[in-house]
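The structure appears below as structure tokens.
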Amino acid sequence: EKLKSYDPLSSQEQIYLPIRKPGQPFWSTITEAYEKKQKDLQRDERIKELERLLAEPIESEEEKEKLANEKDELEQSKLKEEEKEITTKYPPEVKIKDRFNLILIGPPGCGKTTLAEYLEERHHRKVLRMDELYDWNKTNGFPICETIDKYLEQRDAELEKLKVEREKAIKKKKKGAEDPPPIEEAEFKYLKNEHLVELLQNRI
């Protein structure tokens, strides 16, 4: 959605971002990557134009040499950029003493699993997924699972009540009035912090 609001980018364009260090701003890297792409395209177009000009008869040797030198400089610049991209290094591996347990939270498709798998492979971390964590606690008879089941049933009942109230409000609204705001159903699926902490403590 953020990229759609960025006018210079069409929905069909692709840009390649450098590997970001933790805490590095995201939006500035998008802008820099786009500007770099535009400069690269302009350079490639200029190289093609110079090739075309050099293929045609040029009366002045001085002019021909000038165009050839410019073409060589641009090609060398392109080669250096490509070598720089190839030698890009990943952030250094986190030392054992500096490692923390991480909780990755976000909507479906935002990259939680990809990041977790990277941490698992690169830093030899144990990945615990929520469904596996819950199943392990339930299999081993921890009472937190019963607490969670009751809590989610209560939240489902609250959600259904809100849906009914919203439907009534829509039917009663005056002509031309806006509908009540939509219900964020995902919020009714989240566990409390203390639930998550207890699940993790039991497993760890």
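Residue names in the structure tokens use chain letters A, B, ... in the order shown, residue numbers from 1 in each chain, and ligand numbers from 1 in the order shown.
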If we count only C-alpha atoms, what is near stretch 74-77 of chain A at a cut-off of 12 Å, once residues fewer than 2 positions away on the same chain are taken out, given as number ranges by chain?
-> A: 39-51, 67-72, 79-84
Would you output that residue set with C-alpha atoms, as a PDB file, in the first residue's frame?
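result13.pdb, written as the output of this step:
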```pdb
ATOM      1  CA  LYS A  39      20.203   6.710 -12.954  1.00  0.00           C
ATOM      2  CA  ASP A  40      21.062   3.188 -14.154  1.00  0.00           C
ATOM      3  CA  LEU A  41      18.386   3.396 -16.870  1.00  0.00           C
ATOM      4  CA  GLN A  42      19.660   6.792 -17.996  1.00  0.00           C
ATOM      5  CA  ARG A  43      23.224   5.442 -18.124  1.00  0.00           C
ATOM      6  CA  ASP A  44      22.140   2.377 -20.147  1.00  0.00           C
ATOM      7  CA  GLU A  45      20.239   4.590 -22.579  1.00  0.00           C
ATOM      8  CA  ARG A  46      23.281   6.838 -22.977  1.00  0.00           C
ATOM      9  CA  ILE A  47      25.543   3.829 -23.650  1.00  0.00           C
ATOM     10  CA  LYS A  48      23.166   2.654 -26.394  1.00  0.00           C
ATOM     11  CA  GLU A  49      23.083   6.144 -27.861  1.00  0.00           C
ATOM     12  CA  LEU A  50      26.897   6.332 -27.870  1.00  0.00           C
ATOM     13  CA  GLU A  51      27.118   2.913 -29.553  1.00  0.00           C
ATOM     14  CA  LEU A  67      32.451   9.690 -27.469  1.00  0.00           C
ATOM     15  CA  ALA A  68      34.461   6.474 -27.079  1.00  0.00           C
ATOM     16  CA  ASN A  69      35.962   7.684 -23.785  1.00  0.00           C
ATOM     17  CA  GLU A  70      32.528   8.598 -22.453  1.00  0.00           C
ATOM     18  CA  LYS A  71      31.206   5.158 -23.393  1.00  0.00           C
ATOM     19  CA  ASP A  72      34.153   3.438 -21.665  1.00  0.00           C
ATOM     20  CA  LEU A  79      30.706  -2.830 -14.025  1.00  0.00           C
ATOM     21  CA  LYS A  80      31.754  -1.404 -10.640  1.00  0.00           C
ATOM     22  CA  GLU A  81      28.104  -1.129  -9.549  1.00  0.00           C
ATOM     23  CA  GLU A  82      27.471  -4.753 -10.502  1.00  0.00           C
ATOM     24  CA  GLU A  83      30.584  -5.930  -8.611  1.00  0.00           C
ATOM     25  CA  LYS A  84      29.476  -3.926  -5.578  1.00  0.00           C
TER      26      LYS A  84
END
```
Tell me, as a PyMOL selection string, which residues lie within 12 Å of A:Leu128, counting only C-alpha atoms; anything in the same chain fewer than 6 positions away does not count.
-> chain A and resi 101-104+112-113+116-117+119-120+134-136+196+199-200+203-204
Atom CA of A:Gly106 to atom CA of A:Leu152: how many Å, to one decimal?
-> 18.7 Å
To one decimal place, how far is atom CA of A:Ala186 from atom CA of A:Tyr151 in Å?
->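 These atoms are spaced 14.7 Å apart.
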Straight-line distance linking atom CA of A:Ile144 with atom CA of A:Glu194, stated in Å to one decimal =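 Result for atom CA of A:Ile144 versus atom CA of A:Glu194: 9.8 Å, one decimal.
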Pick from A:Ile183, A:Gly141, A:Arg122, A:Ile148 nearest to A:Glu160, counting only C-alpha atoms =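 Closest to A:Glu160 of all the choices is A:Ile183.
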